[in-house]
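Printed here is run.txt (compact mmCIF, C-alpha atoms):
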# COMPACT_ATOMS: atom_id res chain seq x y z
CA MET A 102 10.26 -2.96 -39.62
CA MET A 103 7.39 -3.52 -37.16
CA LYS A 104 9.04 -6.78 -36.22
CA LYS A 105 12.25 -5.02 -35.30
CA ILE A 106 10.42 -2.44 -33.19
CA LEU A 107 8.50 -5.12 -31.32
CA ILE A 108 11.59 -7.15 -30.64
CA SER A 109 13.51 -4.16 -29.36
CA ILE A 110 10.59 -3.33 -27.04
CA ILE A 111 10.93 -6.85 -25.64
CA ASP A 112 14.68 -6.30 -25.33
CA VAL A 113 14.10 -3.20 -23.22
CA TYR A 114 11.60 -5.12 -21.11
CA GLN A 115 14.11 -7.91 -20.55
CA ALA A 116 16.89 -5.54 -19.64
CA PHE A 117 15.06 -3.20 -17.28
CA MET A 118 11.39 -3.87 -16.63
CA SER A 119 11.94 -7.49 -15.77
CA SER A 120 14.36 -6.80 -12.94
CA ILE A 121 12.22 -3.92 -11.67
CA LEU A 122 9.20 -6.21 -11.55
CA LYS A 123 11.18 -8.88 -9.76
CA ASN A 124 12.26 -6.37 -7.15
CA ILE A 125 8.77 -5.03 -6.58
CA LEU A 126 7.19 -8.44 -6.27
CA GLY A 127 10.00 -10.13 -4.43
CA VAL A 128 10.77 -12.96 -6.81
CA ASN A 129 14.12 -14.00 -8.12
CA LYS A 130 13.31 -16.91 -10.32
CA MET A 131 9.79 -16.80 -11.52
CA CYS A 132 9.78 -18.71 -14.78
CA ARG A 133 8.99 -22.37 -14.84
CA LEU A 134 8.99 -22.47 -18.61
CA SER A 135 12.20 -22.36 -20.52
CA PRO A 136 13.01 -20.29 -22.52
CA THR A 137 11.25 -17.49 -20.66
CA CYS A 138 8.06 -16.12 -22.16
CA SER A 139 9.76 -12.95 -23.37
CA GLU A 140 12.53 -14.93 -25.06
CA TYR A 141 9.92 -17.21 -26.58
CA ALA A 142 7.99 -14.17 -27.86
CA LYS A 143 11.11 -12.83 -29.55
CA ILE A 144 11.73 -16.12 -31.31
CA ALA A 145 8.08 -16.56 -32.25
CA ILE A 146 7.71 -13.05 -33.68
CA ASN A 147 10.91 -13.47 -35.62
CA LYS A 148 9.95 -16.84 -37.06
CA GLU A 149 6.22 -16.65 -37.55
CA GLY A 150 5.51 -13.00 -38.07
CA ILE A 151 3.83 -10.47 -35.85
CA LEU A 152 0.27 -11.74 -35.67
CA ARG A 153 0.95 -15.44 -35.25
CA GLY A 154 3.94 -14.73 -33.06
CA LEU A 155 2.00 -12.50 -30.71
CA ARG A 156 -0.86 -14.94 -30.56
CA LYS A 157 1.42 -17.83 -29.69
CA SER A 158 3.18 -15.72 -27.03
CA ALA A 159 -0.14 -14.72 -25.48
CA ILE A 160 -1.23 -18.35 -25.31
CA ARG A 161 2.04 -19.22 -23.71
CA ILE A 162 1.80 -16.51 -21.02
CA LEU A 163 -1.75 -17.59 -20.24
CA SER A 164 -0.70 -21.21 -19.95
CA CYS A 165 1.62 -20.34 -17.06
CA GLN A 166 -0.87 -20.71 -14.21
CA PRO A 167 -1.97 -23.24 -11.62
CA PHE A 168 -4.66 -24.82 -13.76
CA THR A 169 -2.47 -26.29 -16.48
CA ASN A 170 0.35 -28.77 -16.42
CA MET B 1149 -10.00 0.85 -20.67
CA GLY B 1150 -9.38 3.66 -18.19
CA ASP B 1151 -13.06 3.68 -17.24
CA PHE B 1152 -13.04 -0.06 -16.72
CA PHE B 1153 -9.94 0.18 -14.53
CA ASN B 1154 -11.65 2.93 -12.51
CA LEU B 1155 -14.79 0.88 -12.13
CA ILE B 1156 -13.24 -2.35 -10.91
CA LEU B 1157 -10.16 -1.13 -9.01
CA VAL B 1158 -9.62 2.60 -8.56
CA HIS B 1159 -13.06 3.58 -7.27
CA PRO B 1160 -13.46 0.64 -4.89
CA ILE B 1161 -10.02 1.40 -3.43
CA ILE B 1162 -10.88 5.09 -3.02
CA ASN B 1163 -14.00 3.99 -1.16
CA ILE B 1164 -12.00 1.83 1.23
CA LEU B 1165 -9.59 4.71 1.82
CA VAL B 1166 -12.36 7.21 2.54
CA ALA B 1167 -14.21 4.75 4.79
CA ILE B 1168 -11.07 4.19 6.86
CA TYR B 1169 -10.44 7.93 6.94
CA SER B 1170 -13.97 8.69 8.15
CA MET B 1171 -13.72 6.03 10.83
CA LEU B 1172 -10.42 7.38 12.11
CA SER B 1173 -11.50 10.99 12.08
CA PHE B 1174 -14.78 10.04 13.77
CA ALA B 1175 -12.62 8.61 16.56
CA HIS B 1176 -10.71 11.92 16.63
CA ILE B 1177 -7.43 10.26 15.71
CA PRO B 1178 -4.97 12.90 14.51
CA TYR B 1179 -3.32 12.65 11.08
CA ALA B 1180 -6.24 10.48 9.96
CA LEU B 1181 -5.34 10.70 6.26
CA GLY B 1182 -1.84 9.37 6.78
CA PHE B 1183 -3.06 6.53 8.98
CA ALA B 1184 -5.79 5.79 6.44
CA ILE B 1185 -3.10 5.39 3.75
CA ILE B 1186 -1.19 3.00 6.02
CA GLY B 1187 -4.37 1.08 6.86
CA LEU B 1188 -5.40 0.80 3.22
CA THR B 1189 -1.99 -0.49 2.19
CA ILE B 1190 -2.02 -3.10 4.96
CA ILE B 1191 -5.51 -4.26 3.98
CA ILE B 1192 -4.49 -4.64 0.34
CA ARG B 1193 -1.33 -6.50 1.38
CA PHE B 1194 -3.44 -8.89 3.46
CA VAL B 1195 -5.76 -9.46 0.49
CA MET B 1196 -2.75 -10.31 -1.67
CA TYR B 1197 -1.08 -12.31 1.11
CA PRO B 1198 -1.88 -15.80 -0.22
CA LEU B 1199 -0.81 -14.83 -3.73
CA THR B 1200 2.47 -13.34 -2.56
CA THR B 1201 3.15 -16.30 -0.29
CA SER B 1202 2.65 -18.89 -3.01
CA GLN B 1203 4.85 -16.87 -5.29
CA LEU B 1204 7.64 -16.45 -2.71
CA LYS B 1205 7.61 -20.16 -1.98
CA ALA B 1206 7.66 -21.03 -5.66
CA SER B 1207 10.52 -18.63 -6.23
CA ALA B 1208 12.57 -20.17 -3.42
CA LYS B 1209 11.96 -23.66 -4.81
CA MET B 1210 12.84 -22.57 -8.33
CA GLN B 1211 16.08 -21.17 -7.03
CA LYS B 1212 16.92 -24.50 -5.47
CA VAL B 1213 16.42 -26.50 -8.66
CA THR B 1214 18.15 -24.07 -11.01
CA PRO B 1215 21.53 -25.84 -10.85
CA HIS B 1216 19.82 -29.12 -11.70
CA LEU B 1217 18.09 -27.42 -14.59
CA SER B 1218 21.37 -26.19 -16.02
CA LYS B 1219 22.76 -29.70 -15.74
CA ILE B 1220 19.79 -31.11 -17.63
CA LYS B 1221 20.20 -28.48 -20.31
CA GLU B 1222 23.82 -29.34 -20.77
CA LYS B 1223 23.24 -33.08 -20.70
CA TYR B 1224 20.52 -33.13 -23.35
CA LYS B 1225 21.78 -30.27 -25.45
CA GLY B 1226 19.87 -30.00 -28.71
CA ASP B 1227 17.13 -32.41 -27.66
CA ALA B 1228 14.43 -29.93 -26.73
CA LYS B 1229 11.81 -32.56 -26.08
CA LYS B 1230 13.98 -34.52 -23.68
CA ILE B 1231 14.89 -31.31 -21.85
CA GLN B 1232 11.22 -30.45 -21.46
CA GLU B 1233 10.44 -33.93 -20.15
CA GLU B 1234 13.28 -33.97 -17.67
CA THR B 1235 12.41 -30.45 -16.50
CA MET B 1236 8.82 -31.40 -15.82
CA ARG B 1237 9.99 -34.48 -13.93
CA LEU B 1238 12.28 -32.34 -11.81
CA TYR B 1239 9.48 -29.89 -11.06
CA LYS B 1240 7.18 -32.68 -10.02
CA GLU B 1241 9.84 -34.12 -7.75
CA HIS B 1242 10.21 -30.79 -5.97
CA GLY B 1243 6.50 -30.09 -6.01
CA ILE B 1244 6.81 -26.90 -8.03
CA ASN B 1245 4.28 -27.24 -10.77
CA PRO B 1246 0.77 -26.84 -9.41
CA ALA B 1247 1.14 -23.95 -6.99
CA ALA B 1248 3.13 -21.52 -9.05
CA GLY B 1249 3.06 -19.91 -12.45
CA CYS B 1250 3.01 -16.24 -13.19
CA LEU B 1251 -0.72 -15.79 -12.72
CA PRO B 1252 -0.28 -14.52 -9.13
CA VAL B 1253 2.18 -11.96 -10.45
CA LEU B 1254 -0.15 -10.85 -13.22
CA ILE B 1255 -2.99 -10.39 -10.75
CA GLN B 1256 -0.93 -8.33 -8.31
CA MET B 1257 0.45 -5.84 -10.82
CA PRO B 1258 -2.80 -3.97 -11.55
CA ILE B 1259 -3.61 -3.82 -7.83
CA ILE B 1260 -0.26 -2.25 -6.97
CA TRP B 1261 -0.70 0.17 -9.86
CA ALA B 1262 -4.26 1.05 -8.82
CA LEU B 1263 -3.15 1.81 -5.28
CA TYR B 1264 -0.50 4.10 -6.66
CA SER B 1265 -2.88 5.98 -8.93
CA VAL B 1266 -5.51 6.32 -6.17
CA LEU B 1267 -3.04 7.88 -3.75
CA GLN B 1268 -1.44 10.07 -6.38
CA ARG B 1269 -4.91 11.43 -7.09
CA MET B 1270 -6.09 11.74 -3.49
CA VAL B 1271 -3.11 13.40 -1.82
CA THR B 1272 -2.75 16.04 -4.52
CA LEU B 1273 -6.39 17.20 -4.35
CA LYS B 1274 -6.70 20.90 -3.55
CA PRO B 1275 -8.25 21.42 -0.08
CA ASP B 1276 -11.30 23.22 -1.48
CA VAL B 1277 -12.27 20.43 -3.88
CA VAL B 1278 -11.60 17.42 -1.63
CA VAL B 1279 -15.16 17.10 -0.32
CA ALA B 1280 -16.82 17.41 -3.73
CA GLU B 1281 -14.38 15.12 -5.55
CA VAL B 1282 -14.39 12.41 -2.91
CA ASN B 1283 -18.15 12.37 -2.33
CA LYS B 1284 -18.71 12.01 -6.05
CA ILE B 1285 -16.92 8.65 -5.88
CA ALA B 1286 -18.14 7.45 -2.46
CA TYR B 1287 -20.75 4.68 -2.75
CA PHE B 1288 -22.49 5.16 0.59
CA ASP B 1289 -23.67 8.26 2.44
CA PHE B 1290 -22.54 7.24 5.89
CA TYR B 1291 -18.84 7.74 5.23
CA LYS B 1292 -19.07 10.75 2.95
CA LEU B 1293 -16.87 13.65 3.97
CA GLN B 1294 -18.31 16.61 5.86
CA ASN B 1295 -15.14 18.71 5.87
CA THR B 1296 -11.91 18.73 3.94
CA TRP B 1297 -9.09 16.64 5.35
CA ASP B 1298 -5.84 17.64 6.95
CA PRO B 1299 -3.22 16.67 4.38
CA SER B 1300 -0.32 16.49 6.84
CA PHE B 1301 1.22 13.59 8.70
CA PHE B 1302 3.34 14.43 11.75
CA GLY B 1303 4.10 17.76 10.12
CA LEU B 1304 4.88 16.33 6.68
CA PRO B 1305 2.55 17.55 3.91
CA LEU B 1306 1.40 14.36 2.18
CA GLY B 1307 0.66 16.10 -1.11
CA GLU B 1308 4.06 17.76 -1.52
CA MET B 1309 7.25 16.34 -2.96
CA PRO B 1310 10.52 16.36 -1.01
CA SER B 1311 12.17 17.93 -4.07
CA LYS B 1312 9.96 21.01 -3.66
CA LEU B 1313 10.21 21.09 0.13
CA MET B 1314 14.00 21.24 0.11
CA SER B 1315 14.04 25.05 0.12
CA THR B 1316 11.57 25.44 3.00
CA ALA B 1317 12.11 22.38 5.18
CA GLY B 1318 15.83 22.01 4.61
CA PRO B 1319 17.91 18.91 3.99
CA LEU B 1320 16.19 16.99 6.79
CA ILE B 1321 13.42 16.22 4.31
CA LEU B 1322 15.92 14.03 2.48
CA LEU B 1323 15.33 11.47 5.21
CA VAL B 1324 12.10 10.51 3.44
CA PRO B 1325 13.71 9.31 0.20
CA ILE B 1326 16.72 7.89 2.04
CA LEU B 1327 14.57 5.79 4.40
CA THR B 1328 12.45 4.64 1.46
CA GLY B 1329 15.59 3.48 -0.34
CA VAL B 1330 16.94 1.76 2.77
CA PHE B 1331 13.77 -0.24 3.39
CA GLN B 1332 13.73 -1.25 -0.26
CA PHE B 1333 17.34 -2.36 -0.03
CA ILE B 1334 16.63 -4.48 3.04
CA LEU B 1335 13.81 -6.25 1.19
CA SER B 1336 15.88 -6.74 -1.96
CA LYS B 1337 18.76 -8.13 0.06
CA MET B 1338 16.45 -10.55 1.86
CA MET B 1339 15.17 -11.80 -1.48
CA ILE B 1340 18.59 -13.11 -2.38
CA PRO B 1341 18.95 -16.53 -0.81
CA ALA B 1342 21.69 -17.09 1.74
CA LYS B 1343 24.85 -18.52 0.22
CA THR B 1344 24.91 -22.28 0.27
CA GLY B 1345 26.89 -24.73 -1.79
CA VAL B 1346 24.07 -24.75 -4.30
CA ALA B 1347 23.97 -21.01 -4.66
CA VAL B 1348 27.69 -20.89 -5.35
CA ILE B 1349 27.40 -23.35 -8.21
CA GLU B 1350 24.55 -21.31 -9.57
CA LYS B 1351 26.69 -18.19 -9.51
CA ASP B 1352 29.35 -19.94 -11.56
CA ILE B 1353 26.77 -20.86 -14.12
CA GLU B 1354 25.44 -17.33 -14.16
CA LYS B 1355 28.92 -16.03 -14.75
CA LYS B 1356 29.30 -18.34 -17.72
CA THR B 1357 26.06 -17.18 -19.29
CA GLN B 1358 26.99 -13.58 -18.60
CA ILE B 1359 30.08 -13.93 -20.69
CA ASP B 1360 27.92 -15.28 -23.49
CA LYS B 1361 25.62 -12.33 -23.19
CA LYS B 1362 28.30 -9.71 -23.04
CA ASP B 1363 27.49 -8.19 -26.38
CA ALA B 1364 23.90 -7.58 -25.25
CA GLY B 1365 24.89 -4.17 -23.96
CA ASP B 1366 27.01 -3.48 -20.92
CA PHE B 1367 24.58 -1.08 -19.31
CA ALA B 1368 21.69 -3.51 -19.52
CA SER B 1369 23.66 -6.38 -18.02
CA ALA B 1370 25.06 -4.14 -15.30
CA PHE B 1371 21.52 -3.12 -14.48
CA GLN B 1372 20.47 -6.74 -14.07
CA THR B 1373 23.37 -7.86 -11.94
CA GLN B 1374 23.49 -4.69 -9.85
CA SER B 1375 19.75 -4.26 -9.46
CA LEU B 1376 20.16 -4.97 -5.74
CA PHE B 1377 21.81 -1.56 -5.47
CA ILE B 1378 20.32 0.30 -8.39
CA PHE B 1379 16.70 -0.43 -7.58
CA PRO B 1380 16.72 1.05 -4.04
CA VAL B 1381 18.45 4.16 -5.37
CA MET B 1382 15.80 4.43 -8.05
CA ILE B 1383 13.01 4.05 -5.49
CA GLY B 1384 14.71 6.66 -3.33
CA PHE B 1385 14.78 9.01 -6.28
CA PHE B 1386 11.07 8.39 -6.91
CA ALA B 1387 10.37 9.14 -3.26
CA PHE B 1388 12.28 12.39 -3.73
CA SER B 1389 10.18 13.53 -6.67
CA PHE B 1390 6.74 12.08 -5.78
CA PRO B 1391 4.29 13.31 -3.13
CA ILE B 1392 5.17 12.16 0.39
CA GLY B 1393 1.82 10.33 0.63
CA LEU B 1394 3.12 7.90 -1.98
CA SER B 1395 6.29 7.28 -0.01
CA LEU B 1396 4.10 6.50 2.97
CA TYR B 1397 2.28 3.91 0.84
CA TRP B 1398 5.48 2.46 -0.54
CA ASN B 1399 7.17 2.18 2.84
CA THR B 1400 4.17 0.49 4.38
CA PHE B 1401 4.12 -1.85 1.40
CA THR B 1402 7.83 -2.62 1.73
CA ILE B 1403 7.81 -3.11 5.50
CA PHE B 1404 4.88 -5.50 5.18
CA GLY B 1405 6.88 -7.27 2.47
CA ILE B 1406 9.93 -7.50 4.74
CA ILE B 1407 7.84 -9.13 7.49
CA GLN B 1408 6.20 -11.53 5.05
CA GLN B 1409 9.52 -12.45 3.45
CA TYR B 1410 10.98 -13.08 6.91
CA LYS B 1411 8.11 -15.37 7.87
CA ILE B 1412 8.39 -17.41 4.70
CA THR B 1413 12.05 -17.62 3.75
CA GLY B 1414 13.82 -16.09 6.72
CA LEU B 1415 16.49 -13.43 6.50
CA GLY B 1416 17.90 -14.69 3.20
CA GLY B 1417 20.93 -12.74 2.06
CA LEU B 1418 20.54 -10.27 4.91
CA GLY B 1419 21.42 -13.04 7.40
CA GLU B 1420 25.09 -13.08 6.44
CA TRP B 1421 25.46 -9.41 7.26
CA ILE B 1422 23.66 -9.59 10.57
CA LYS B 1423 25.67 -12.58 11.74
CA LYS B 1424 28.96 -10.92 10.86
CA LYS B 1425 28.35 -8.09 13.29
Would you put the structure from the file into structure tokens?
Amino acid sequence: MMKKILISIIDVYQAFMSSILKNILGVNKMCRLSPTCSEYAKIAINKEGILRGLRKSAIRILSCQPFTN
Amino acid sequence: MGDFFNLILVHPIINILVAIYSMLSFAHIPYALGFAIIGLTIIIRFVMYPLTTSQLKASAKMQKVTPHLSKIKEKYKGDAKKIQEETMRLYKEHGINPAAGCLPVLIQMPIIWALYSVLQRMVTLKPDVVVAEVNKIAYFDFYKLQNTWDPSFFGLPLGEMPSKLMSTAGPLILLVPILTGVFQFILSKMMIPAKTGVAVIEKDIEKKTQIDKKDAGDFASAFQTQSLFIFPVMIGFFAFSFPIGLSLYWNTFTIFGIIQQYKITGLGGLGEWIKKK
């Protein structure tokens, strides 16, 4: 149940928030990881459960910065 | 959380705003509050300038390599490790990796939000509480307010919404939301790279993936593909229902963005339209 709610929140983010953010910040393609972090989060939550899934997604978002390869 | 946000972002920004305001009104510049909002926005934009620049450059580069990426994905379908390897190699070749990432984006979001919440709070203060409220937050005595401020800018009341002014000021007030939408559209259009051979291929690929995604909800996918048009309309609607002071902030923000975008990637998608005429 919680899983489904979380995943549909991410769906809404992907559909609307993501393009709003891109417009505000002026970026078209901003992901260098593939699949995108939000897609990854959906898969991770689905596969590994809420806690582990969220933790893995957080680590992944944080790893997208200039100091890692 | 709210207190922490106030402490590190909202209150410092209010202090900058009030300091600029006091300076301007000390110099007897009219409409000091409006100009202080413009000044504050420009300062914040300059602070974020390096972040935005690196992100715009990275975005332009990413756009260039996207067709190659799709080719890699197709070529090594099913072999996730190989795809990852080839992708990283491609990034290195184009010099994408070290400068980019979404950290610049994550840093800018709270700043943009803080600026919004500061102005929302400041322009809607009642004239009789301005001095008390502002001086409570001001760090230093020398720029504390002596008198309340004039909340109008060239006749426009910064704390009022165009939606409420319609009855008194007439339809001319609609120019505020319309101009806000137009500036936003110009920026959004510039963000789309000019059509080259590469971009056309990319569009084909996008079309293919769109067909795959069709069951994901027509409204959502329409929103994504049409965001060039929908987003400016949305911003225009916000400008209609938010205090005019916020539109002043947003327009300054957008115009700065247009100039920055022009310096870094040129006219982009807007170029085609200008050349046609």
Considering all atoms listed in the file, extract the chain B residues located within 8 Å of chain A and return them as a VMD selection string. chain B and resid 1200 1203 to 1204 1206 to 1208 1210 to 1211 1245 to 1251 1253 1335 to 1336 1339 to 1340 1368 to 1369 1371 to 1372 1375 1379
Would you save the residues of that selection, restricted to C-alpha atoms, as a PDB file, keeping the file's coordinate frame?
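The result, stored in out19.pdb:
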ATOM      1  CA  THR B1200       2.470 -13.340  -2.560  1.00  0.00           C
ATOM      2  CA  GLN B1203       4.850 -16.870  -5.290  1.00  0.00           C
ATOM      3  CA  LEU B1204       7.640 -16.450  -2.710  1.00  0.00           C
ATOM      4  CA  ALA B1206       7.660 -21.030  -5.660  1.00  0.00           C
ATOM      5  CA  SER B1207      10.520 -18.630  -6.230  1.00  0.00           C
ATOM      6  CA  ALA B1208      12.570 -20.170  -3.420  1.00  0.00           C
ATOM      7  CA  MET B1210      12.840 -22.570  -8.330  1.00  0.00           C
ATOM      8  CA  GLN B1211      16.080 -21.170  -7.030  1.00  0.00           C
ATOM      9  CA  ASN B1245       4.280 -27.240 -10.770  1.00  0.00           C
ATOM     10  CA  PRO B1246       0.770 -26.840  -9.410  1.00  0.00           C
ATOM     11  CA  ALA B1247       1.140 -23.950  -6.990  1.00  0.00           C
ATOM     12  CA  ALA B1248       3.130 -21.520  -9.050  1.00  0.00           C
ATOM     13  CA  GLY B1249       3.060 -19.910 -12.450  1.00  0.00           C
ATOM     14  CA  CYS B1250       3.010 -16.240 -13.190  1.00  0.00           C
ATOM     15  CA  LEU B1251      -0.720 -15.790 -12.720  1.00  0.00           C
ATOM     16  CA  VAL B1253       2.180 -11.960 -10.450  1.00  0.00           C
ATOM     17  CA  LEU B1335      13.810  -6.250   1.190  1.00  0.00           C
ATOM     18  CA  SER B1336      15.880  -6.740  -1.960  1.00  0.00           C
ATOM     19  CA  MET B1339      15.170 -11.800  -1.480  1.00  0.00           C
ATOM     20  CA  ILE B1340      18.590 -13.110  -2.380  1.00  0.00           C
ATOM     21  CA  ALA B1368      21.690  -3.510 -19.520  1.00  0.00           C
ATOM     22  CA  SER B1369      23.660  -6.380 -18.020  1.00  0.00           C
ATOM     23  CA  PHE B1371      21.520  -3.120 -14.480  1.00  0.00           C
ATOM     24  CA  GLN B1372      20.470  -6.740 -14.070  1.00  0.00           C
ATOM     25  CA  SER B1375      19.750  -4.260  -9.460  1.00  0.00           C
ATOM     26  CA  PHE B1379      16.700  -0.430  -7.580  1.00  0.00           C
TER      27      PHE B1379
END
Write out as a ChimeraX atom specification each polymer residue whose atoms come within 7 Å of A:Leu155, counting all atoms listed in the file; drop sequence neighbours fewer than 3 positions from it. /A:142,146,151-152,158-159
Just to be explicit: take each residue in the selection above, keep C-alpha atoms, and write the result as a PDB file, in the coordinates of the input.
ATOM      1  CA  ALA A 142       7.990 -14.170 -27.860  1.00  0.00           C
ATOM      2  CA  ILE A 146       7.710 -13.050 -33.680  1.00  0.00           C
ATOM      3  CA  ILE A 151       3.830 -10.470 -35.850  1.00  0.00           C
ATOM      4  CA  LEU A 152       0.270 -11.740 -35.670  1.00  0.00           C
ATOM      5  CA  SER A 158       3.180 -15.720 -27.030  1.00  0.00           C
ATOM      6  CA  ALA A 159      -0.140 -14.720 -25.480  1.00  0.00           C
TER       7      ALA A 159
END
9 Å contact set for stretch 1296-1299 of chain B, only C-alpha atoms, chain neighbours under 3 positions out, as a list in words: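 Residues meeting the cut-off are Tyr1169, Pro1178, Tyr1179, Ala1180, Leu1181, Gly1182, Val1271, Thr1272, Pro1275, Asp1276, Val1277, Val1278, Val1279, Leu1293, Leu1304, Pro1305, Leu1306, Gly1307 and Gly1393 of chain B.
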Counting only C-alpha atoms, what is within 9 Å of B:Met1309, bar same-chain residues fewer than 6 positions away, as a list in words?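 Within the cut-off, the hits are Ala1387, Phe1388, Ser1389, Phe1390, Pro1391, Ile1392 and Gly1393 of chain B.
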What does the distance between atom CA of B:Thr1235 and atom CA of B:Leu1254 come to in Å, to one decimal place?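 That distance, rounded to one decimal, is 23.5 Å.
Residues of protein, DNA and RNA with at least one atom no farther than 12 Å from (17.4, 0.9, 3.4) are, using only C-alpha atoms, Leu1323, Val1324, Pro1325, Ile1326, Leu1327, Thr1328, Gly1329, Val1330, Phe1331, Gln1332, Phe1333, Ile1334, Leu1335, Ser1336, Lys1337, Met1338, Leu1376, Phe1377, Phe1379, Pro1380, Val1381, Ile1383, Gly1384, Asn1399, Thr1402, Ile1403, Ile1406 and Leu1418 of chain B.
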Just to be explicit: take each residue in the selection above, keep C-alpha atoms, and write the result as an mmCIF file, in the frame of the given file.
data_model
loop_
_atom_site.group_PDB
_atom_site.id
_atom_site.type_symbol
_atom_site.label_atom_id
_atom_site.label_comp_id
_atom_site.auth_asym_id
_atom_site.auth_seq_id
_atom_site.Cartn_x
_atom_site.Cartn_y
_atom_site.Cartn_z
ATOM 1 C CA LEU B 1323 15.330 11.470 5.210
ATOM 2 C CA VAL B 1324 12.100 10.510 3.440
ATOM 3 C CA PRO B 1325 13.710 9.310 0.200
ATOM 4 C CA ILE B 1326 16.720 7.890 2.040
ATOM 5 C CA LEU B 1327 14.570 5.790 4.400
ATOM 6 C CA THR B 1328 12.450 4.640 1.460
ATOM 7 C CA GLY B 1329 15.590 3.480 -0.340
ATOM 8 C CA VAL B 1330 16.940 1.760 2.770
ATOM 9 C CA PHE B 1331 13.770 -0.240 3.390
ATOM 10 C CA GLN B 1332 13.730 -1.250 -0.260
ATOM 11 C CA PHE B 1333 17.340 -2.360 -0.030
ATOM 12 C CA ILE B 1334 16.630 -4.480 3.040
ATOM 13 C CA LEU B 1335 13.810 -6.250 1.190
ATOM 14 C CA SER B 1336 15.880 -6.740 -1.960
ATOM 15 C CA LYS B 1337 18.760 -8.130 0.060
ATOM 16 C CA MET B 1338 16.450 -10.550 1.860
ATOM 17 C CA LEU B 1376 20.160 -4.970 -5.740
ATOM 18 C CA PHE B 1377 21.810 -1.560 -5.470
ATOM 19 C CA PHE B 1379 16.700 -0.430 -7.580
ATOM 20 C CA PRO B 1380 16.720 1.050 -4.040
ATOM 21 C CA VAL B 1381 18.450 4.160 -5.370
ATOM 22 C CA ILE B 1383 13.010 4.050 -5.490
ATOM 23 C CA GLY B 1384 14.710 6.660 -3.330
ATOM 24 C CA ASN B 1399 7.170 2.180 2.840
ATOM 25 C CA THR B 1402 7.830 -2.620 1.730
ATOM 26 C CA ILE B 1403 7.810 -3.110 5.500
ATOM 27 C CA ILE B 1406 9.930 -7.500 4.740
ATOM 28 C CA LEU B 1418 20.540 -10.270 4.910
#
Expressed in Å to a single decimal, how great is the separation between atom CA of B:Gln1294 and atom CA of B:Leu1172? 13.7 Å
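Counting from atom CA of B:Leu1267, the distance to atom CA of B:Leu1394 is 6.4 Å.
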For stretch 1229-1233 of chain B, list every protein, DNA or RNA residue within 12 Å, evaluated using all atoms listed in the file, and leave out those in the same chain fewer than 2 positions away; present the list as a JSON list (two decimals) with C-alpha atoms, in the frame of the given file.
[["chain", "number", "residue", "atom", "x", "y", "z"],
["A", 133, "ARG", "CA", 8.99, -22.37, -14.84],
["A", 134, "LEU", "CA", 8.99, -22.47, -18.61],
["A", 135, "SER", "CA", 12.20, -22.36, -20.52],
["A", 136, "PRO", "CA", 13.01, -20.29, -22.52],
["A", 170, "ASN", "CA", 0.35, -28.77, -16.42],
["B", 1216, "HIS", "CA", 19.82, -29.12, -11.70],
["B", 1217, "LEU", "CA", 18.09, -27.42, -14.59],
["B", 1218, "SER", "CA", 21.37, -26.19, -16.02],
["B", 1219, "LYS", "CA", 22.76, -29.70, -15.74],
["B", 1220, "ILE", "CA", 19.79, -31.11, -17.63],
["B", 1221, "LYS", "CA", 20.20, -28.48, -20.31],
["B", 1222, "GLU", "CA", 23.82, -29.34, -20.77],
["B", 1223, "LYS", "CA", 23.24, -33.08, -20.70],
["B", 1224, "TYR", "CA", 20.52, -33.13, -23.35],
["B", 1225, "LYS", "CA", 21.78, -30.27, -25.45],
["B", 1226, "GLY", "CA", 19.87, -30.00, -28.71],
["B", 1227, "ASP", "CA", 17.13, -32.41, -27.66],
["B", 1235, "THR", "CA", 12.41, -30.45, -16.50],
["B", 1236, "MET", "CA", 8.82, -31.40, -15.82],
["B", 1237, "ARG", "CA", 9.99, -34.48, -13.93],
["B", 1238, "LEU", "CA", 12.28, -32.34, -11.81],
["B", 1239, "TYR", "CA", 9.48, -29.89, -11.06],
["B", 1240, "LYS", "CA", 7.18, -32.68, -10.02]]
Show me, as a list in words, the residues that have an atom within 9 Å of B:Ile1190 when counting all atoms listed in the file, minus same-chain residues fewer than 4 positions from it.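 Once the adjacent positions are removed, what remains is Ile1185, Ile1186, Phe1194, Val1195, Thr1400, Phe1401 and Phe1404 of chain B.
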Box time for stretch 1183-1194 of chain B: axis-aligned, enclosing all its listed atoms, 3 Å extra on each side; report centre and edge lengths in Å to one decimal, as AutoDock Vina command-line options.
--center_x -3.5 --center_y -1.2 --center_z 4.7 --size_x 10.6 --size_y 21.4 --size_z 14.6
